[in-house]
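Chemist: Structure supplied as model.txt; contents: compact mmCIF, C-alpha atoms.
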# COMPACT_ATOMS: atom_id res chain seq x y z
CA MET A 16 0.00 0.00 0.00
CA SER A 17 2.85 2.33 0.87
CA LYS A 18 4.50 1.82 -2.52
CA LEU A 19 1.20 2.29 -4.31
CA LEU A 20 0.59 5.53 -2.40
CA LYS A 21 4.01 6.84 -3.39
CA VAL A 22 3.32 6.04 -7.04
CA LEU A 23 -0.04 7.79 -6.92
CA VAL A 24 1.45 10.85 -5.23
CA SER A 25 4.20 11.01 -7.85
CA LEU A 26 1.66 10.80 -10.65
CA PHE A 27 -0.47 13.47 -9.04
CA LEU A 28 2.49 15.83 -8.71
CA ALA A 29 3.57 15.20 -12.30
CA VAL A 30 0.08 15.92 -13.60
CA GLY A 31 -0.11 18.98 -11.36
CA VAL A 32 3.16 20.40 -12.71
CA SER A 33 2.05 19.74 -16.30
CA PHE A 34 -1.33 21.36 -15.63
CA ALA A 35 0.33 24.42 -14.04
CA ALA A 36 2.64 24.77 -17.05
CA ASP A 37 -0.33 24.56 -19.43
CA LYS A 38 -2.06 27.26 -17.38
CA ASN A 39 0.65 29.84 -18.17
CA PRO A 40 -1.36 32.12 -20.49
CA SER A 41 1.81 33.70 -21.87
CA SER A 42 3.89 30.61 -22.58
CA PRO A 43 4.92 30.19 -26.24
CA ASP A 44 2.50 27.26 -26.60
CA ALA A 45 -0.36 29.25 -25.07
CA ILE A 46 0.32 32.18 -27.41
CA LYS A 47 0.35 29.83 -30.40
CA ALA A 48 -2.98 28.35 -29.29
CA ARG A 49 -4.43 31.85 -28.88
CA GLY A 50 -3.14 32.94 -32.28
CA VAL A 51 -2.09 36.45 -31.31
CA LEU A 52 0.88 37.98 -29.48
CA LYS A 53 0.00 40.69 -26.94
CA VAL A 54 2.67 43.36 -26.67
CA ALA A 55 2.93 46.68 -24.81
CA VAL A 56 4.68 49.39 -26.84
CA PHE A 57 5.16 53.15 -26.85
CA SER A 58 3.01 55.46 -28.93
CA ASP A 59 5.13 58.61 -28.70
CA LYS A 60 8.80 57.68 -28.76
CA PRO A 61 10.00 57.95 -32.37
CA PRO A 62 12.04 56.41 -33.85
CA PHE A 63 11.73 53.51 -31.37
CA GLY A 64 8.03 53.07 -30.80
CA PHE A 65 5.32 55.37 -32.15
CA VAL A 66 2.02 55.53 -34.00
CA ASP A 67 2.28 57.09 -37.46
CA ALA A 68 -0.20 59.35 -39.26
CA GLN A 69 -2.05 56.29 -40.58
CA GLY A 70 -2.49 54.92 -37.07
CA LYS A 71 0.08 52.13 -37.51
CA ASN A 72 2.72 51.17 -34.98
CA GLN A 73 6.23 51.88 -36.24
CA GLY A 74 9.83 52.08 -35.04
CA TYR A 75 12.87 50.05 -34.05
CA ASP A 76 10.99 48.22 -31.28
CA ILE A 77 8.14 47.36 -33.65
CA PHE A 78 10.57 45.98 -36.22
CA PHE A 79 11.58 43.39 -33.62
CA VAL A 80 8.02 42.74 -32.44
CA LYS A 81 6.86 41.89 -35.95
CA ARG A 82 9.73 39.45 -36.47
CA ILE A 83 9.04 37.77 -33.12
CA ALA A 84 5.39 37.35 -34.11
CA LYS A 85 6.49 35.84 -37.41
CA GLU A 86 8.84 33.41 -35.65
CA LEU A 87 6.20 32.38 -33.10
CA LEU A 88 2.97 32.55 -35.11
CA GLY A 89 4.12 32.56 -38.72
CA ASP A 90 2.65 36.03 -39.37
CA GLU A 91 4.15 39.38 -38.36
CA ASN A 92 0.70 40.95 -38.25
CA LYS A 93 -0.68 38.66 -35.54
CA VAL A 94 0.08 41.23 -32.85
CA GLU A 95 -2.27 42.98 -30.45
CA TYR A 96 -0.58 46.24 -29.49
CA THR A 97 -1.28 47.94 -26.17
CA LEU A 98 0.02 51.49 -25.79
CA VAL A 99 1.77 52.09 -22.49
CA GLU A 100 3.28 55.00 -20.56
CA PRO A 101 6.82 54.57 -19.14
CA ALA A 102 5.69 54.40 -15.51
CA ALA A 103 3.11 51.68 -16.27
CA ARG A 104 5.39 49.13 -17.92
CA VAL A 105 5.92 46.99 -14.82
CA GLU A 106 2.28 47.03 -13.76
CA ILE A 107 0.93 46.09 -17.17
CA LEU A 108 3.00 42.90 -17.02
CA LYS A 109 1.90 42.15 -13.49
CA SER A 110 -1.73 42.53 -14.55
CA GLY A 111 -1.31 39.89 -17.26
CA ARG A 112 -2.76 42.15 -19.96
CA VAL A 113 0.23 41.58 -22.25
CA ASP A 114 2.75 38.84 -22.93
CA ILE A 115 5.73 41.12 -23.49
CA VAL A 116 6.68 44.72 -22.85
CA PHE A 117 8.69 45.87 -25.86
CA ALA A 118 8.80 49.56 -25.02
CA ASN A 119 12.42 50.69 -24.94
CA PHE A 120 12.62 49.16 -21.46
CA THR A 121 15.97 49.73 -19.73
CA TYR A 122 17.14 46.91 -17.48
CA THR A 123 17.65 47.89 -13.85
CA GLU A 124 18.11 45.71 -10.77
CA GLU A 125 15.01 47.21 -9.17
CA ARG A 126 12.82 46.45 -12.18
CA ALA A 127 14.30 42.94 -12.43
CA LYS A 128 12.88 42.19 -8.99
CA GLN A 129 9.38 42.65 -10.44
CA VAL A 130 9.64 41.41 -14.04
CA ASP A 131 11.89 39.05 -15.98
CA PHE A 132 14.03 40.67 -18.65
CA ALA A 133 15.15 38.83 -21.75
CA ASN A 134 18.54 39.56 -23.27
CA PRO A 135 19.09 43.06 -24.72
CA TYR A 136 18.63 44.28 -28.28
CA PHE A 137 19.76 47.87 -27.71
CA LYS A 138 21.91 49.94 -25.34
CA THR A 139 21.77 53.52 -24.18
CA ALA A 140 22.73 56.01 -21.49
CA ILE A 141 21.00 59.00 -19.93
CA GLY A 142 21.56 62.28 -21.74
CA VAL A 143 20.33 65.86 -21.37
CA VAL A 144 18.97 67.96 -24.23
CA SER A 145 18.62 71.72 -23.87
CA ASN A 146 18.02 74.94 -25.76
CA ASP A 147 21.18 76.14 -27.49
CA LYS A 148 20.54 79.63 -26.08
CA ASN A 149 21.15 78.23 -22.60
CA LYS A 150 23.00 75.03 -23.40
CA ILE A 151 23.62 72.54 -20.60
CA THR A 152 26.97 70.81 -21.05
CA ASN A 153 27.46 69.26 -17.61
CA VAL A 154 25.30 68.18 -14.70
CA ALA A 155 26.79 70.81 -12.38
CA GLN A 156 25.02 73.52 -14.39
CA LEU A 157 21.67 72.04 -13.33
CA LYS A 158 22.11 72.82 -9.63
CA GLY A 159 19.12 74.76 -8.33
CA LYS A 160 17.40 74.60 -11.71
CA LYS A 161 14.46 72.68 -13.15
CA LEU A 162 15.17 69.51 -15.08
CA ILE A 163 12.40 67.78 -17.01
CA VAL A 164 12.05 63.98 -16.74
CA VAL A 165 9.41 61.40 -17.59
CA ARG A 166 8.01 59.72 -14.51
CA GLY A 167 9.23 56.15 -13.99
CA THR A 168 12.18 56.32 -16.40
CA THR A 169 15.80 55.61 -15.54
CA ALA A 170 16.50 59.34 -15.81
CA ASP A 171 13.83 60.03 -13.18
CA VAL A 172 15.30 57.37 -10.88
CA TYR A 173 18.91 58.44 -11.43
CA PHE A 174 18.44 62.15 -10.78
CA SER A 175 16.02 61.56 -7.88
CA LYS A 176 18.62 59.38 -6.18
CA ASN A 177 21.87 61.12 -7.02
CA HIS A 178 21.09 64.83 -7.46
CA LYS A 179 18.82 66.20 -4.76
CA GLU A 180 20.12 69.67 -5.64
CA ILE A 181 18.23 69.59 -8.93
CA GLU A 182 14.48 70.27 -9.06
CA LEU A 183 12.76 67.64 -11.19
CA VAL A 184 9.68 68.51 -13.24
CA LYS A 185 7.93 65.22 -14.02
CA TYR A 186 5.55 64.29 -16.82
CA ASP A 187 3.83 61.03 -17.71
CA GLN A 188 4.24 61.30 -21.47
CA ILE A 189 7.36 61.85 -23.54
CA THR A 190 5.55 64.24 -25.88
CA GLU A 191 4.52 66.33 -22.85
CA ALA A 192 8.13 66.47 -21.69
CA PHE A 193 9.44 67.66 -25.05
CA GLN A 194 6.73 70.31 -25.22
CA ALA A 195 7.64 71.44 -21.70
CA LEU A 196 11.25 71.87 -22.82
CA LYS A 197 10.15 73.96 -25.80
CA ASP A 198 7.98 76.07 -23.50
CA GLY A 199 10.90 76.70 -21.15
CA ARG A 200 9.39 74.90 -18.15
CA GLY A 201 12.81 73.43 -17.50
CA VAL A 202 16.37 74.18 -18.61
CA GLY A 203 16.83 70.64 -19.91
CA PHE A 204 15.19 67.28 -20.47
CA ALA A 205 16.91 64.09 -19.27
CA GLN A 206 16.07 60.88 -21.15
CA ASP A 207 17.74 58.13 -23.20
CA ASN A 208 20.48 59.81 -25.19
CA ALA A 209 19.54 57.96 -28.40
CA LEU A 210 16.01 59.36 -28.27
CA LEU A 211 17.24 62.86 -27.45
CA SER A 212 19.73 62.83 -30.33
CA ALA A 213 16.99 61.84 -32.76
CA TRP A 214 14.69 64.59 -31.47
CA ALA A 215 17.39 67.27 -31.56
CA LEU A 216 18.20 66.45 -35.18
CA SER A 217 14.66 67.43 -36.15
CA ASN A 218 14.27 70.35 -33.73
CA LYS A 219 16.54 73.23 -34.66
CA GLY A 220 17.92 75.21 -31.75
CA PHE A 221 18.21 72.24 -29.39
CA SER A 222 21.13 69.87 -28.83
CA VAL A 223 22.32 67.14 -26.51
CA GLY A 224 24.99 68.89 -24.46
CA VAL A 225 25.32 66.10 -21.90
CA GLY A 226 25.81 62.92 -23.92
CA ALA A 227 26.03 60.31 -21.16
CA VAL A 228 25.28 60.32 -17.45
CA GLY A 229 25.92 57.16 -15.45
CA ASP A 230 26.60 53.80 -17.09
CA VAL A 231 25.64 52.51 -20.51
CA GLU A 232 22.58 50.36 -19.87
CA PRO A 233 20.91 47.53 -21.80
CA ILE A 234 17.40 47.80 -23.19
CA ALA A 235 15.48 44.54 -23.37
CA PRO A 236 12.02 43.01 -23.69
CA ALA A 237 10.39 42.00 -20.41
CA VAL A 238 7.89 39.30 -19.47
CA GLN A 239 5.90 38.55 -16.35
CA LYS A 240 7.99 37.44 -13.37
CA GLY A 241 8.50 33.68 -13.48
CA ASN A 242 7.62 33.28 -17.15
CA THR A 243 10.91 31.57 -17.97
CA GLU A 244 9.40 29.73 -20.95
CA LEU A 245 8.70 32.90 -22.91
CA ARG A 246 11.89 34.63 -21.72
CA ASP A 247 14.06 31.69 -22.81
CA TRP A 248 12.23 31.48 -26.15
CA ILE A 249 12.94 35.18 -26.80
CA ASN A 250 16.62 34.70 -25.91
CA ALA A 251 16.94 31.73 -28.26
CA THR A 252 15.21 33.72 -31.01
CA PHE A 253 17.62 36.63 -30.50
CA VAL A 254 20.56 34.23 -30.98
CA LYS A 255 19.02 33.09 -34.25
CA LEU A 256 18.38 36.67 -35.38
CA GLY A 257 21.92 37.66 -34.46
CA LYS A 258 23.25 35.24 -37.08
CA GLU A 259 21.24 37.19 -39.64
CA HIS A 260 22.50 40.56 -38.31
CA PHE A 261 18.87 41.42 -37.72
CA ALA A 262 19.56 44.35 -35.37
CA HIS A 263 21.59 45.97 -38.14
CA GLN A 264 18.66 45.44 -40.51
CA ALA A 265 16.35 47.06 -37.96
CA TYR A 266 18.76 49.99 -37.59
CA GLU A 267 18.96 50.55 -41.36
CA ALA A 268 15.18 50.48 -41.70
CA THR A 269 14.18 52.61 -38.72
CA LEU A 270 17.11 54.54 -37.21
CA LYS A 271 19.50 55.29 -40.07
CA PRO A 272 16.93 57.56 -41.80
CA VAL A 273 16.89 59.64 -38.60
CA TYR A 274 20.54 59.60 -37.51
CA GLY A 275 22.22 59.49 -40.89
CA ASP A 276 25.97 59.27 -40.31
CA THR A 277 25.91 61.11 -36.96
CA ILE A 278 25.92 57.86 -34.94
CA LYS A 279 27.64 54.52 -35.43
CA PRO A 280 25.15 51.62 -35.30
CA GLU A 281 27.47 49.68 -32.97
CA ASP A 282 27.13 52.45 -30.38
CA LEU A 283 23.43 51.60 -30.01
CA ILE A 284 22.43 48.18 -31.26
CA VAL A 285 23.00 44.74 -29.74
CA GLU A 286 23.18 41.67 -31.97
CA GLY A 287 22.17 38.24 -30.74
CA GLY A 288 21.31 39.47 -27.26
CA VAL A 289 24.99 39.80 -26.30
CA LEU A 290 26.41 43.13 -25.17
Before we go any further, please render this structure as C-alpha cells.
Modeler:
Amino acid sequence: MSKLLKVLVSLFLAVGVSFAADKNPSSPDAIKARGVLKVAVFSDKPPFGFVDAQGKNQGYDIFFVKRIAKELLGDENKVEYTLVEPAARVEILKSGRVDIVFANFTYTEERAKQVDFANPYFKTAIGVVSNDKNKITNVAQLKGKKLIVVRGTTADVYFSKNHKEIELVKYDQITEAFQALKDGRGVGFAQDNALLSAWALSNKGFSVGVGAVGDVEPIAPAVQKGNTELRDWINATFVKLGKEHFAHQAYEATLKPVYGDTIKPEDLIVEGGVL
C-alpha cells in the first residue's frame, strides 16, 4: 500500500506540474494556441516606438516585435498592441494584460525584482537635451534649476537618487516632456540619449549637451515574473536573429533615416542578445 501511495502521489504531482505549465497564459505554446501575441509598446517615442499618421505602430521596437510574431505565429501581423506610458510598464505585465513589454525598457536591478528581462537588443545612457541659447553641457550647471524627466524612467530614478540639488519637473508622457522643454518649463530634459539625439536632429535650436550620465545600460524586452518559458524562447530567437544581423537590418530600416551618419550603429544596437 505504501508503494502504491508513493506512485499515486508522484503521478499526481507530475500531472499537477504539467497542468500548471499549461495554465501559463503567456507561454509560447499558449500564445500559439491563442493565435495572437499581446505586446505593450510606446506610442510617442520615435524612432523607437510610435504611432504614425495612418495609425500604424512603427519604429525600431516594432521591427523586432513583428519578427518575433512571425517566428512564433508565422505572421508578423498577428500582434495585439497595447500602448503604455513609461511608468506603467511593470504594472501592465503584473496585470497579465500583455505577454511582453517591448517599449524601450531599460534593465535595472530594481525592475528585475518585479519582471523578468530577456537579453538586450539595444543599449543607451542618460543624456540631457537643452536649448542652445542656454546650453547645458554638464550636470553641475543644473544645480538649483528645473530639469524635465518622464516619470518612472531611468533618468527620473537616477536624478532623484543622485542629485537632490536639482528640481525635477515630471511628466507622464514623452511628448509632454518635449513640449515642456520647448515652453521653457525646464532648462533641460533628461532621457535616453539615443532618443534625445533623434529629437534634436529634427528640432533646430536644441542639442544634446550632456551625452552620457551614469553607465551605458541595456534595453530589453520584459515578461511577467516567473515566465521563464517565454523569456528563454525570446533569448533563443535573439541568438538566431543575431546570425542574420537582424539588429543591423532594424537599424537601417528605422534609425538610419533619422541619424544618418551622426551615430555609429554599434554604439546603439546589440546583436544576438549579447552586449
Chemist: List as an NGL selection string the protein and nucleic acid residues near range 113-118 of chain A, meaning an atom at most 8 Å away when all atoms listed in the file are counted, but skip any in the same chain fewer than 4 places from it.
Modeler: :A and (41 or 52-57 or 64 or 76-77 or 80 or 97 or 99 or 101 or 104 or 107-108 or 235-239)
Chemist: Store the residues picked out above in a file with C-alpha atoms, as a PDB file, in the coordinates of the input.
Modeler:
ATOM      1  CA  SER A  41       1.810  33.700 -21.870  1.00  0.00           C
ATOM      2  CA  LEU A  52       0.880  37.980 -29.480  1.00  0.00           C
ATOM      3  CA  LYS A  53       0.000  40.690 -26.940  1.00  0.00           C
ATOM      4  CA  VAL A  54       2.670  43.360 -26.670  1.00  0.00           C
ATOM      5  CA  ALA A  55       2.930  46.680 -24.810  1.00  0.00           C
ATOM      6  CA  VAL A  56       4.680  49.390 -26.840  1.00  0.00           C
ATOM      7  CA  PHE A  57       5.160  53.150 -26.850  1.00  0.00           C
ATOM      8  CA  GLY A  64       8.030  53.070 -30.800  1.00  0.00           C
ATOM      9  CA  ASP A  76      10.990  48.220 -31.280  1.00  0.00           C
ATOM     10  CA  ILE A  77       8.140  47.360 -33.650  1.00  0.00           C
ATOM     11  CA  VAL A  80       8.020  42.740 -32.440  1.00  0.00           C
ATOM     12  CA  THR A  97      -1.280  47.940 -26.170  1.00  0.00           C
ATOM     13  CA  VAL A  99       1.770  52.090 -22.490  1.00  0.00           C
ATOM     14  CA  PRO A 101       6.820  54.570 -19.140  1.00  0.00           C
ATOM     15  CA  ARG A 104       5.390  49.130 -17.920  1.00  0.00           C
ATOM     16  CA  ILE A 107       0.930  46.090 -17.170  1.00  0.00           C
ATOM     17  CA  LEU A 108       3.000  42.900 -17.020  1.00  0.00           C
ATOM     18  CA  ALA A 235      15.480  44.540 -23.370  1.00  0.00           C
ATOM     19  CA  PRO A 236      12.020  43.010 -23.690  1.00  0.00           C
ATOM     20  CA  ALA A 237      10.390  42.000 -20.410  1.00  0.00           C
ATOM     21  CA  VAL A 238       7.890  39.300 -19.470  1.00  0.00           C
ATOM     22  CA  GLN A 239       5.900  38.550 -16.350  1.00  0.00           C
TER      23      GLN A 239
END
Chemist: Find the residue from A:Val66, A:Ala170, A:Ala155, A:Leu196 that sits nearest to Thr123 in chain A; use all atoms listed in the file when measuring.
Modeler: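 Smallest separation from Thr123 in chain A among the options: A:Ala170.
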Chemist: Find the residue from A:Asn134, A:Ser212, A:Thr277, A:Thr269 that sits nearest to Phe78 in chain A; use all atoms listed in the file when measuring.
Modeler: A:Thr269
Chemist: Excluding Tyr136 in chain A and any residue of its chain fewer than 5 positions from it, enumerate the residues within 9 Å of it, using only C-alpha atoms, and give them as number ranges by chain.
Modeler: A: 79, 233-236, 253, 262, 283-290
Chemist: Give me, as a VMD selection string, all polymer residues having an atom no more than 10 Å from Leu270 in chain A, counting only C-alpha atoms and skipping those fewer than 6 positions away in the same chain.
Modeler: chain A and resid 61 to 63 74 to 75 209 213 263 to 264 278 280
Chemist: List as a VMD selection string the protein and nucleic acid residues near Gly167 in chain A, meaning an atom at most 8 Å away when only C-alpha atoms are counted, but skip any in the same chain fewer than 3 places from it.
Modeler: chain A and resid 101 to 103 171 to 172
